[in-house]
>>> print(open('query25.cif').read())   # mmCIF, C-alpha atoms
data_coords
#
loop_
_atom_site.label_atom_id
_atom_site.label_comp_id
_atom_site.auth_asym_id
_atom_site.auth_seq_id
_atom_site.Cartn_x
_atom_site.Cartn_y
_atom_site.Cartn_z
CA MET A 730 -52.55 -45.14 13.01
CA ASP A 731 -49.48 -43.01 13.32
CA PHE A 732 -48.61 -41.04 16.43
CA LYS A 733 -45.89 -38.76 17.62
CA LEU A 734 -44.55 -37.70 20.97
CA ARG A 735 -43.79 -34.07 21.70
CA LYS A 736 -42.97 -31.77 24.56
CA ALA A 737 -46.07 -30.07 26.03
CA GLU A 738 -46.44 -26.32 25.49
CA PRO A 739 -48.50 -23.70 27.36
CA ALA A 740 -51.36 -24.07 24.89
CA ASP A 741 -51.64 -27.76 25.85
CA VAL A 742 -52.83 -27.22 29.44
CA SER A 743 -56.45 -27.76 28.49
CA ASP A 744 -55.59 -31.14 26.97
CA ILE A 745 -53.45 -32.07 29.98
CA LEU A 746 -56.29 -31.24 32.36
CA ARG A 747 -58.76 -33.07 30.14
CA LEU A 748 -56.64 -36.23 30.30
CA VAL A 749 -56.06 -35.93 34.06
CA LYS A 750 -59.82 -35.60 34.57
CA GLU A 751 -60.64 -38.34 32.07
CA LEU A 752 -58.59 -40.78 34.03
CA ALA A 753 -60.07 -39.59 37.31
CA LYS A 754 -63.62 -39.82 35.89
CA HIS A 755 -62.97 -43.37 34.70
CA GLU A 756 -62.19 -44.19 38.32
CA GLU A 757 -65.12 -42.16 39.65
CA MET A 758 -62.64 -39.87 41.36
CA GLU A 759 -63.07 -36.76 39.25
CA ASP A 760 -63.82 -34.67 42.35
CA GLN A 761 -60.28 -35.40 43.61
CA VAL A 762 -58.80 -33.32 40.81
CA LEU A 763 -58.40 -29.86 42.27
CA LEU A 764 -56.04 -28.44 39.68
CA THR A 765 -57.20 -25.88 37.13
CA GLU A 766 -55.76 -24.93 33.72
CA LYS A 767 -54.38 -21.81 35.38
CA ASP A 768 -52.54 -23.95 37.96
CA LEU A 769 -51.11 -26.18 35.24
CA LEU A 770 -49.99 -23.13 33.27
CA GLU A 771 -48.28 -21.44 36.22
CA ASP A 772 -46.82 -24.64 37.61
CA GLY A 773 -45.57 -26.13 34.35
CA PHE A 774 -44.64 -23.15 32.24
CA GLY A 775 -43.61 -20.48 34.68
CA GLU A 776 -40.11 -19.42 35.65
CA THR A 777 -39.52 -22.57 37.71
CA PRO A 778 -41.52 -25.50 36.36
CA PHE A 779 -42.80 -27.93 38.98
CA TYR A 780 -43.52 -30.55 36.34
CA ARG A 781 -42.72 -31.41 32.74
CA CYS A 782 -44.98 -33.14 30.28
CA VAL A 783 -44.67 -35.22 27.13
CA LEU A 784 -47.77 -35.64 24.97
CA ALA A 785 -48.77 -38.36 22.53
CA GLU A 786 -50.58 -36.99 19.51
CA VAL A 787 -52.32 -38.73 16.62
CA GLN A 788 -53.30 -37.27 13.29
CA THR A 789 -57.05 -37.35 12.81
CA GLU A 790 -58.54 -38.40 9.51
CA THR A 791 -59.74 -34.95 8.61
CA SER A 792 -56.20 -33.63 8.72
CA SER A 793 -55.22 -31.88 5.51
CA ASP A 794 -52.51 -29.46 6.57
CA ALA A 795 -49.45 -30.26 8.68
CA GLU A 796 -48.66 -26.60 9.24
CA THR A 797 -50.95 -26.08 12.24
CA SER A 798 -52.19 -28.32 15.04
CA SER A 799 -55.61 -28.73 13.45
CA GLY A 800 -56.21 -32.32 12.48
CA SER A 801 -54.24 -33.66 15.40
CA LYS A 802 -55.49 -34.91 18.73
CA VAL A 803 -53.67 -35.33 22.04
CA VAL A 804 -54.45 -38.84 23.22
CA GLY A 805 -51.93 -39.48 25.98
CA PHE A 806 -49.45 -37.88 28.33
CA ALA A 807 -46.68 -38.48 30.80
CA MET A 808 -46.05 -36.00 33.59
CA TYR A 809 -42.64 -36.11 35.26
CA TYR A 810 -40.09 -34.07 37.19
CA PHE A 811 -36.53 -34.43 38.41
CA THR A 812 -35.75 -35.46 41.94
CA TYR A 813 -32.55 -36.14 43.87
CA ASP A 814 -31.19 -39.10 45.78
CA PRO A 815 -28.22 -37.91 47.88
CA TRP A 816 -26.60 -41.32 47.50
CA VAL A 817 -26.77 -41.73 43.73
CA GLY A 818 -27.82 -38.35 42.36
CA LYS A 819 -30.46 -37.17 39.92
CA GLN A 820 -33.60 -39.23 39.30
CA LEU A 821 -36.50 -38.86 36.90
CA TYR A 822 -39.79 -39.25 38.76
CA LEU A 823 -42.75 -40.40 36.70
CA GLU A 824 -45.84 -38.83 38.26
CA ASP A 825 -48.50 -39.66 35.68
CA PHE A 826 -48.77 -41.89 32.65
CA PHE A 827 -52.08 -42.19 30.71
CA ILE A 828 -53.48 -42.93 27.28
CA MET A 829 -57.11 -42.49 26.26
CA GLU A 830 -58.97 -45.78 26.21
CA ALA A 831 -59.76 -45.67 22.50
CA TYR A 832 -56.06 -45.49 21.67
CA ARG A 833 -54.89 -48.32 23.84
CA GLY A 834 -54.69 -51.99 23.14
CA GLN A 835 -56.57 -54.50 25.26
CA CYS A 836 -57.33 -53.30 28.75
CA VAL A 837 -56.52 -55.59 31.68
CA HIS A 838 -59.15 -55.51 34.35
CA HIS A 839 -57.99 -54.52 37.80
CA SER A 840 -59.58 -54.93 41.20
CA SER A 841 -63.10 -53.61 41.29
CA SER A 842 -62.62 -51.85 44.62
CA SER A 843 -62.33 -48.21 43.81
CA SER A 844 -59.81 -46.15 45.67
CA SER A 845 -57.42 -43.36 44.90
CA LEU A 846 -54.62 -45.79 44.31
CA SER A 847 -56.56 -47.54 41.56
CA LEU A 848 -55.97 -44.48 39.41
CA ILE A 849 -52.31 -45.31 39.27
CA MET A 850 -53.19 -48.90 38.50
CA THR A 851 -55.38 -47.99 35.56
CA ARG A 852 -52.92 -45.61 34.09
CA ILE A 853 -50.06 -48.03 34.17
CA ILE A 854 -52.07 -51.07 33.11
CA SER A 855 -53.40 -49.21 30.10
CA VAL A 856 -49.95 -48.19 29.04
CA CYS A 857 -48.57 -51.67 29.48
CA VAL A 858 -50.86 -53.27 26.97
CA SER A 859 -51.25 -50.46 24.41
CA GLY A 860 -51.75 -52.11 21.03
CA LEU A 861 -50.67 -48.99 19.17
CA GLY A 862 -47.35 -48.93 20.96
CA ILE A 863 -47.93 -45.46 22.40
CA GLY A 864 -47.33 -46.54 25.98
CA SER A 865 -44.17 -48.47 25.20
CA GLU A 866 -42.80 -45.59 23.19
CA LEU A 867 -43.63 -43.10 25.96
CA LEU A 868 -41.80 -45.27 28.48
CA ARG A 869 -38.82 -45.64 26.15
CA HIS A 870 -38.77 -41.90 25.53
CA LEU A 871 -38.78 -41.14 29.25
CA SER A 872 -36.06 -43.70 29.97
CA ASP A 873 -33.93 -42.20 27.21
CA LEU A 874 -34.53 -38.74 28.63
CA ALA A 875 -33.46 -39.96 32.07
CA VAL A 876 -30.23 -41.40 30.66
CA THR A 877 -29.53 -38.27 28.58
CA CYS A 878 -30.02 -36.04 31.63
CA ARG A 879 -27.59 -38.22 33.57
CA CYS A 880 -30.22 -39.51 35.95
CA THR A 881 -29.20 -42.75 37.61
CA GLY A 882 -32.78 -43.97 37.92
CA MET A 883 -36.41 -43.50 37.00
CA MET A 884 -38.83 -43.71 39.92
CA PHE A 885 -42.56 -44.05 40.26
CA VAL A 886 -45.21 -45.38 42.61
CA VAL A 887 -47.44 -48.39 41.97
CA ALA A 888 -50.25 -49.73 44.15
CA GLU A 889 -49.24 -52.99 45.80
CA ASN A 890 -52.33 -54.88 44.62
CA ASN A 891 -51.63 -53.90 41.03
CA GLU A 892 -49.77 -57.13 40.42
CA PRO A 893 -49.84 -57.03 36.59
CA SER A 894 -48.16 -53.63 36.57
CA ILE A 895 -45.63 -54.56 39.23
CA ARG A 896 -44.77 -57.67 37.17
CA PHE A 897 -44.57 -55.55 34.00
CA TYR A 898 -42.09 -53.14 35.56
CA LYS A 899 -40.10 -55.86 37.33
CA ARG A 900 -39.73 -57.72 34.01
CA ARG A 901 -38.15 -54.54 32.69
CA GLY A 902 -35.75 -54.41 35.59
CA ALA A 903 -37.54 -52.18 38.11
CA GLU A 904 -37.05 -52.85 41.79
CA ASP A 905 -39.82 -52.59 44.35
CA LEU A 906 -38.07 -50.50 46.99
CA SER A 907 -41.00 -50.81 49.39
CA LYS A 908 -40.94 -54.60 49.29
CA ASP A 909 -37.20 -55.19 48.89
CA GLU A 910 -35.80 -52.49 51.15
CA GLY A 911 -38.74 -51.62 53.38
CA TRP A 912 -39.35 -48.05 52.21
CA ARG A 913 -42.70 -46.62 53.29
CA VAL A 914 -44.19 -43.46 51.73
CA PHE A 915 -45.32 -40.93 54.34
CA ARG A 916 -47.32 -37.80 53.73
CA PHE A 917 -48.36 -34.61 55.50
CA ASP A 918 -51.53 -33.18 54.02
CA ARG A 919 -52.21 -29.46 53.95
CA ASP A 920 -53.66 -29.17 57.47
CA SER A 921 -50.82 -31.04 59.12
CA LEU A 922 -48.35 -29.17 56.89
CA LEU A 923 -49.74 -25.90 58.23
CA ARG A 924 -49.51 -27.14 61.83
CA MET A 925 -45.92 -28.23 61.31
CA ALA A 926 -44.94 -25.00 59.61
CA THR A 927 -46.22 -22.99 62.56
CA PRO A 928 -43.47 -22.63 65.17
CA THR A 929 -44.51 -23.85 68.60
CA GLU A 930 -42.81 -23.28 71.90
CA GLU A 931 -40.80 -26.24 73.17
CA MET B 729 -29.41 -26.16 73.59
CA ASP B 730 -28.52 -23.15 71.48
CA PHE B 731 -28.66 -23.75 67.74
CA SER B 732 -29.77 -22.10 64.50
CA ILE B 733 -31.63 -23.37 61.45
CA ARG B 734 -30.71 -21.83 58.11
CA ALA B 735 -30.68 -22.42 54.37
CA ALA B 736 -27.66 -24.40 53.17
CA ASN B 737 -25.07 -22.78 50.91
CA VAL B 738 -22.35 -24.26 48.72
CA ASP B 739 -19.79 -24.12 51.55
CA ASP B 740 -21.93 -26.54 53.56
CA CYS B 741 -21.46 -29.36 51.07
CA LYS B 742 -18.47 -30.87 52.89
CA ASP B 743 -20.51 -31.24 56.07
CA ILE B 744 -23.61 -32.36 54.17
CA ALA B 745 -21.52 -35.08 52.48
CA ARG B 746 -20.17 -36.13 55.91
CA MET B 747 -23.67 -36.33 57.40
CA ILE B 748 -25.10 -38.13 54.34
CA MET B 749 -22.52 -40.82 54.98
CA GLU B 750 -23.41 -40.91 58.69
CA LEU B 751 -27.10 -41.32 57.79
CA ALA B 752 -26.26 -44.10 55.30
CA GLU B 753 -24.24 -45.85 57.99
CA TYR B 754 -27.26 -45.59 60.32
CA GLU B 755 -29.37 -47.19 57.58
CA LYS B 756 -26.68 -49.86 57.16
CA VAL B 757 -26.03 -49.10 53.48
CA SER B 758 -23.04 -46.77 53.41
CA GLU B 759 -21.47 -48.68 50.50
CA HIS B 760 -24.35 -47.42 48.34
CA VAL B 761 -23.30 -43.76 48.62
CA LYS B 762 -21.77 -42.63 45.34
CA VAL B 763 -22.50 -38.89 45.47
CA THR B 764 -19.44 -36.77 46.36
CA GLN B 765 -19.05 -33.31 47.85
CA LYS B 766 -18.40 -32.02 44.31
CA ASP B 767 -21.63 -33.62 43.02
CA LEU B 768 -23.56 -31.89 45.81
CA GLU B 769 -21.98 -28.55 44.92
CA GLN B 770 -22.92 -28.93 41.25
CA ASP B 771 -26.35 -30.48 41.73
CA GLY B 772 -27.56 -28.30 44.59
CA PHE B 773 -25.99 -24.92 44.00
CA SER B 774 -25.91 -24.30 40.28
CA LYS B 775 -28.41 -22.26 38.26
CA ASN B 776 -31.02 -25.06 38.21
CA PRO B 777 -30.62 -26.88 41.51
CA PHE B 778 -31.96 -30.42 41.88
CA PHE B 779 -32.33 -30.06 45.62
CA HIS B 780 -32.26 -27.51 48.45
CA GLY B 781 -30.79 -27.87 51.92
CA ILE B 782 -31.42 -26.73 55.48
CA ILE B 783 -28.64 -26.86 58.09
CA ALA B 784 -28.79 -27.07 61.90
CA GLU B 785 -25.75 -25.33 63.33
CA LEU B 786 -24.19 -24.82 66.76
CA PRO B 787 -22.51 -21.58 67.83
CA GLU B 788 -18.72 -21.76 67.36
CA PRO B 789 -17.86 -22.12 71.05
CA GLN B 790 -20.03 -25.24 71.22
CA ARG B 791 -18.29 -27.24 68.48
CA THR B 792 -18.55 -31.02 68.78
CA LYS B 793 -15.60 -33.04 70.04
CA ASP B 794 -14.64 -33.64 66.38
CA GLY B 795 -14.76 -29.90 65.68
CA HIS B 796 -18.09 -29.70 63.83
CA THR B 797 -20.65 -26.92 64.19
CA LYS B 798 -23.06 -28.32 61.60
CA PHE B 799 -24.87 -31.19 63.27
CA GLY B 800 -28.08 -31.74 61.31
CA TYR B 801 -29.56 -31.23 57.87
CA ALA B 802 -32.59 -31.71 55.68
CA LEU B 803 -32.56 -32.03 51.89
CA TYR B 804 -35.73 -31.33 49.94
CA PHE B 805 -37.01 -30.55 46.44
CA PHE B 806 -40.28 -29.62 44.85
CA SER B 807 -42.53 -32.21 43.25
CA TYR B 808 -46.02 -32.28 41.76
CA SER B 809 -49.33 -34.09 42.07
CA SER B 810 -51.51 -34.11 38.97
CA TRP B 811 -54.52 -33.82 41.29
CA CYS B 812 -53.38 -31.39 43.99
CA GLY B 813 -50.53 -29.52 42.41
CA ARG B 814 -47.35 -28.34 44.07
CA ALA B 815 -45.77 -30.56 46.69
CA VAL B 816 -42.48 -30.69 48.55
CA TYR B 817 -40.49 -33.88 49.03
CA MET B 818 -38.16 -34.19 51.98
CA GLU B 819 -35.42 -36.53 50.83
CA ASP B 820 -33.21 -36.59 53.94
CA LEU B 821 -33.63 -35.54 57.57
CA TYR B 822 -30.72 -36.17 59.92
CA VAL B 823 -29.49 -35.07 63.32
CA MET B 824 -26.23 -36.38 64.74
CA PRO B 825 -27.05 -38.98 67.43
CA GLU B 826 -25.77 -37.01 70.43
CA PHE B 827 -28.10 -34.11 69.57
CA ARG B 828 -31.34 -36.01 69.15
CA GLY B 829 -34.38 -35.65 71.38
CA LYS B 830 -33.92 -31.87 71.68
CA GLY B 831 -36.38 -30.72 69.04
CA VAL B 832 -33.82 -30.25 66.24
CA GLY B 833 -35.43 -32.74 63.84
CA LYS B 834 -38.78 -31.09 64.39
CA ALA B 835 -37.24 -27.65 63.78
CA LEU B 836 -35.63 -28.82 60.53
CA MET B 837 -38.86 -30.38 59.30
CA SER B 838 -40.81 -27.30 60.32
CA LYS B 839 -38.47 -25.18 58.21
CA VAL B 840 -39.02 -27.45 55.19
CA ALA B 841 -42.79 -27.20 55.77
CA GLN B 842 -42.58 -23.39 55.98
CA LEU B 843 -40.54 -23.12 52.79
CA GLY B 844 -42.85 -25.57 51.06
CA MET B 845 -45.95 -23.62 52.02
CA ALA B 846 -44.29 -20.34 50.98
CA ALA B 847 -43.80 -21.92 47.54
CA GLY B 848 -47.49 -22.87 47.40
CA CYS B 849 -47.20 -26.57 48.24
CA ASN B 850 -50.13 -28.63 49.52
CA GLN B 851 -48.27 -31.75 50.60
CA LEU B 852 -44.99 -32.80 52.16
CA ASN B 853 -43.97 -36.33 51.19
CA PHE B 854 -41.02 -38.49 52.22
CA THR B 855 -40.12 -42.14 52.75
CA VAL B 856 -39.06 -43.90 55.93
CA LEU B 857 -37.52 -47.33 56.44
CA HIS B 858 -40.02 -49.73 57.97
CA TRP B 859 -37.60 -50.94 60.65
CA SER B 860 -36.67 -47.48 61.84
CA LYS B 861 -39.14 -47.45 64.73
CA SER B 862 -37.89 -44.27 66.37
CA SER B 863 -38.18 -42.45 63.02
CA LEU B 864 -41.65 -43.88 62.36
CA ASP B 865 -42.83 -42.89 65.84
CA PHE B 866 -41.42 -39.38 65.42
CA TYR B 867 -43.16 -38.76 62.10
CA LEU B 868 -46.46 -40.22 63.16
CA SER B 869 -46.37 -38.02 66.28
CA GLN B 870 -46.05 -35.01 63.97
CA GLY B 871 -49.35 -35.78 62.28
CA CYS B 872 -48.44 -37.49 59.02
CA THR B 873 -49.96 -40.61 57.51
CA ASP B 874 -48.29 -43.80 56.32
CA VAL B 875 -49.36 -43.85 52.68
CA THR B 876 -47.74 -47.22 52.01
CA THR B 877 -49.81 -48.89 54.72
CA ASN B 878 -53.00 -46.91 54.13
CA LEU B 879 -53.08 -46.79 50.33
CA GLY B 880 -50.62 -49.51 49.40
CA TYR B 881 -48.25 -47.25 47.45
CA HIS B 882 -44.96 -48.95 46.65
CA CYS B 883 -41.91 -47.00 45.52
CA MET B 884 -40.43 -48.47 42.38
CA ARG B 885 -37.14 -47.69 40.73
CA CYS B 886 -35.60 -48.62 37.40
CA GLU B 887 -31.86 -47.87 37.37
CA GLY B 888 -28.46 -48.64 35.89
CA ASP B 889 -28.43 -51.27 33.15
CA ALA B 890 -32.20 -51.81 33.40
CA LEU B 891 -32.78 -48.10 32.71
CA LYS B 892 -30.37 -48.15 29.76
CA ARG B 893 -32.13 -51.21 28.33
CA LEU B 894 -35.50 -49.53 28.69
CA ALA B 895 -34.13 -46.50 26.82
CA GLN B 896 -33.14 -48.57 23.80
CA PRO B 897 -35.39 -48.36 20.73
#
>>> encode(input="query25.cif", output="structure tokens")
Amino acid sequence: MDFKLRKAEPADVSDILRLVKELAKHEEMEDQVLLTEKDLLEDGFGETPFYRCVLAEVQTETSSDAETSSGSKVVGFAMYYFTYDPWVGKQLYLEDFFIMEAYRGQCVHHSSSSSSLSLIMTRIISVCVSGLGIGSELLRHLSDLAVTCRCTGMMFVVAENNEPSIRFYKRRGAEDLSKDEGWRVFRFDRDSLLRMATPTEE
Amino acid sequence: MDFSIRAANVDDCKDIARMIMELAEYEKVSEHVKVTQKDLEQDGFSKNPFFHGIIAELPEPQRTKDGHTKFGYALYFFSYSSWCGRAVYMEDLYVMPEFRGKGVGKALMSKVAQLGMAAGCNQLNFTVLHWSKSSLDFYLSQGCTDVTTNLGYHCMRCEGDALKRLAQP
């Protein structure tokens, strides 16, 4: 089966949301997805995009005309954006990476304990072992994009108990900054963000 | 202590570069800093900036012994969660040692939070070194959670030759 990668366009937001939710549903976390198509449209295709997206598309068997998008199906996506490391400059940050189950190769089973971090595990595991080569090509495409845009690195987050994926990325030269250099990810959620944004008297 | 918090402009890049180096020295990795003042000017203050800055500044008469008025900074950029949407990432937060413990770090972070919320963000994310106890204590006291400990998220990076290899067909 042939596939192609292409840049996402505004009309693709329904497919992007479908894939985001499909992954979440697979992990029984669909209620965690709060984004709507409208959010994705404003945030990805407005004046200042917050994210960029590459889609993987296959031609379906009923395809008879290459002029329009009919006969093609979006089966995977990678969501990314550019970040900045003040020591070494521009980075490409890989936020999401997913291919529909039917278009992957064999699927490695991960830990059965369900948690939000297992979403990342599933996404990356599925890509790693894609028999159609979609995942590998997506990763290659993103790496090439990073180099072309003069990024000095590509960054992403992996759950620590996702050993197959960590091994996969380390084999390809990725460093685990949390393990090797002691970096810990911290987060303020919306409520604490609001508290912090409100000036208080010293 | 009298000070002001304001958005950084291109003329601040010399002081930002100085303080980036001071922060790297504090983290014991100053040899890793490759970004120059010129890089900061191009990357932060061109048409499509890759980061934004906030500066903490003293009034002129209160210059430091080395003649500086700019004594703290925060660098941030916007990011995205495929579940929650817009987020802000605080890349650096630094206050010169002699000015710590006076609420400046909190004021800088508060400004980043305000700007993030004004842009519609639902999260503020950043990373902290595990051995930096005073930093860890400060952030936890401000109400954030340690996602690495709680959810096991590890930051990964593919760079340099490894990135180039990955980009090859």
>>> resolve_selection(input="query25.cif", expression="the PyMOL selection byres ((chain B and resi 851-858) around 6)", output="count of residues only")
17
>>> resolve_selection(input="query25.cif", expression="the PyMOL selection byres ((chain B) within 6 of (chain A))", output="JSON, numbers by chain")
{"B": [761, 762, 763, 811, 812, 838, 841, 842, 850, 851, 852, 853, 854, 855, 856, 857, 858, 871, 872, 873, 874, 875, 876, 880, 881, 882, 883, 884, 885, 886, 887, 890, 894, 895]}
>>> atom_distance(input="query25.cif", atom1="CA of Gln896 (chain B)", atom2="CA of Phe779 (chain B)")
28.6 Å
>>> axis_aligned_box(input="query25.cif", around="region 861-877 of chain A", padding_each_side="5 Å", output="lines of an AutoDock Vina configuration file")
center_x = -40.1
center_y = -43.6
center_z = 25.6
size_x = 31.1
size_y = 20.7
size_z = 22.9
>>> resolve_selection(input="query25.cif", expression="the PyMOL selection byres ((chain B and resi 750-752) around 9)", output="count of residues only")
20
>>> atom_distance(input="query25.cif", atom1="CA of Ser807 (chain B)", atom2="CA of Val804 (chain A)")
24.2 Å
>>> atom_distance(input="query25.cif", atom1="CA of Glu751 (chain A)", atom2="CA of Pro893 (chain A)")
22.1 Å
>>> residues_around(input="query25.cif", residues="Arg734 (chain B)", least_positions_apart="4", cutoff="9 Å", atoms="all atoms listed in the file", output="list in words")
Gly781, Ile782, Ile783, Ala784, Glu785, Leu836 and Lys839 of chain B
>>> residues_around(input="query25.cif", residues="region 733-736 of chain A", least_positions_apart="5", cutoff="6 Å", atoms="all atoms listed in the file", output="tab-separated table (two decimals) with C-alpha atoms, keeping the file's coordinate frame")
chain	number	residue	atom	x	y	z
A	783	VAL	CA	-44.67	-35.22	27.13
A	784	LEU	CA	-47.77	-35.64	24.97
A	785	ALA	CA	-48.77	-38.36	22.53
A	786	GLU	CA	-50.58	-36.99	19.51
>>> closest_residue(input="query25.cif", among="A:Val787, A:Phe897, A:Tyr832, A:Gly864", to="Phe732 (chain A)", atoms="all atoms listed in the file")
A:Val787
>>> decode(input="query25.cif", residues="region 765-786 of chain A", atoms="N, CA and C atoms", output="PDB file, in the first residue's frame")
ATOM      1  N   THR A 765     -11.399  21.165  20.448  1.00  0.00           N
ATOM      2  CA  THR A 765     -12.444  21.010  19.434  1.00  0.00           C
ATOM      3  C   THR A 765     -11.817  21.298  18.066  1.00  0.00           C
ATOM      4  N   GLU A 766     -12.581  21.039  16.989  1.00  0.00           N
ATOM      5  CA  GLU A 766     -12.082  21.371  15.645  1.00  0.00           C
ATOM      6  C   GLU A 766     -11.824  22.867  15.544  1.00  0.00           C
ATOM      7  N   LYS A 767     -12.668  23.633  16.183  1.00  0.00           N
ATOM      8  CA  LYS A 767     -12.527  25.107  16.147  1.00  0.00           C
ATOM      9  C   LYS A 767     -11.198  25.511  16.793  1.00  0.00           C
ATOM     10  N   ASP A 768     -10.868  24.880  17.940  1.00  0.00           N
ATOM     11  CA  ASP A 768      -9.590  25.173  18.600  1.00  0.00           C
ATOM     12  C   ASP A 768      -8.434  24.837  17.665  1.00  0.00           C
ATOM     13  N   LEU A 769      -8.505  23.660  17.072  1.00  0.00           N
ATOM     14  CA  LEU A 769      -7.412  23.217  16.191  1.00  0.00           C
ATOM     15  C   LEU A 769      -7.258  24.153  14.998  1.00  0.00           C
ATOM     16  N   LEU A 770      -8.381  24.649  14.510  1.00  0.00           N
ATOM     17  CA  LEU A 770      -8.353  25.558  13.360  1.00  0.00           C
ATOM     18  C   LEU A 770      -7.707  26.890  13.748  1.00  0.00           C
ATOM     19  N   GLU A 771      -8.157  27.445  14.854  1.00  0.00           N
ATOM     20  CA  GLU A 771      -7.621  28.741  15.312  1.00  0.00           C
ATOM     21  C   GLU A 771      -6.163  28.610  15.716  1.00  0.00           C
ATOM     22  N   ASP A 772      -5.846  27.515  16.402  1.00  0.00           N
ATOM     23  CA  ASP A 772      -4.515  27.375  16.975  1.00  0.00           C
ATOM     24  C   ASP A 772      -3.461  26.930  15.963  1.00  0.00           C
ATOM     25  N   GLY A 773      -3.897  26.252  14.913  1.00  0.00           N
ATOM     26  CA  GLY A 773      -2.939  25.737  13.938  1.00  0.00           C
ATOM     27  C   GLY A 773      -2.884  26.508  12.638  1.00  0.00           C
ATOM     28  N   PHE A 774      -3.936  27.259  12.351  1.00  0.00           N
ATOM     29  CA  PHE A 774      -4.010  27.893  11.038  1.00  0.00           C
ATOM     30  C   PHE A 774      -4.379  29.355  11.117  1.00  0.00           C
ATOM     31  N   GLY A 775      -4.171  29.934  12.302  1.00  0.00           N
ATOM     32  CA  GLY A 775      -4.425  31.354  12.457  1.00  0.00           C
ATOM     33  C   GLY A 775      -3.180  32.159  12.128  1.00  0.00           C
ATOM     34  N   GLU A 776      -3.161  33.393  12.579  1.00  0.00           N
ATOM     35  CA  GLU A 776      -2.041  34.277  12.247  1.00  0.00           C
ATOM     36  C   GLU A 776      -0.731  33.776  12.865  1.00  0.00           C
ATOM     37  N   THR A 777      -0.816  33.279  14.083  1.00  0.00           N
ATOM     38  CA  THR A 777       0.375  32.739  14.753  1.00  0.00           C
ATOM     39  C   THR A 777       0.101  31.294  15.145  1.00  0.00           C
ATOM     40  N   PRO A 778       0.538  30.350  14.337  1.00  0.00           N
ATOM     41  CA  PRO A 778       0.238  28.946  14.661  1.00  0.00           C
ATOM     42  C   PRO A 778       0.927  28.502  15.948  1.00  0.00           C
ATOM     43  N   PHE A 779       0.177  27.794  16.796  1.00  0.00           N
ATOM     44  CA  PHE A 779       0.762  27.224  18.006  1.00  0.00           C
ATOM     45  C   PHE A 779       1.329  25.830  17.724  1.00  0.00           C
ATOM     46  N   TYR A 780       0.872  25.213  16.645  1.00  0.00           N
ATOM     47  CA  TYR A 780       1.392  23.901  16.298  1.00  0.00           C
ATOM     48  C   TYR A 780       1.428  23.766  14.785  1.00  0.00           C
ATOM     49  N   ARG A 781       2.208  22.778  14.340  1.00  0.00           N
ATOM     50  CA  ARG A 781       2.209  22.424  12.913  1.00  0.00           C
ATOM     51  C   ARG A 781       1.944  20.926  12.834  1.00  0.00           C
ATOM     52  N   CYS A 782       1.518  20.490  11.665  1.00  0.00           N
ATOM     53  CA  CYS A 782       1.097  19.097  11.566  1.00  0.00           C
ATOM     54  C   CYS A 782       1.467  18.512  10.209  1.00  0.00           C
ATOM     55  N   VAL A 783       1.973  17.293  10.239  1.00  0.00           N
ATOM     56  CA  VAL A 783       2.227  16.548   9.004  1.00  0.00           C
ATOM     57  C   VAL A 783       1.295  15.348   9.040  1.00  0.00           C
ATOM     58  N   LEU A 784       0.656  15.068   7.919  1.00  0.00           N
ATOM     59  CA  LEU A 784      -0.281  13.944   7.854  1.00  0.00           C
ATOM     60  C   LEU A 784       0.252  12.831   6.966  1.00  0.00           C
ATOM     61  N   ALA A 785      -0.115  11.611   7.303  1.00  0.00           N
ATOM     62  CA  ALA A 785       0.187  10.460   6.441  1.00  0.00           C
ATOM     63  C   ALA A 785      -1.129  10.032   5.808  1.00  0.00           C
ATOM     64  N   GLU A 786      -1.103   9.917   4.489  1.00  0.00           N
ATOM     65  CA  GLU A 786      -2.335   9.649   3.747  1.00  0.00           C
ATOM     66  C   GLU A 786      -2.137   8.439   2.840  1.00  0.00           C
TER      67      GLU A 786
END
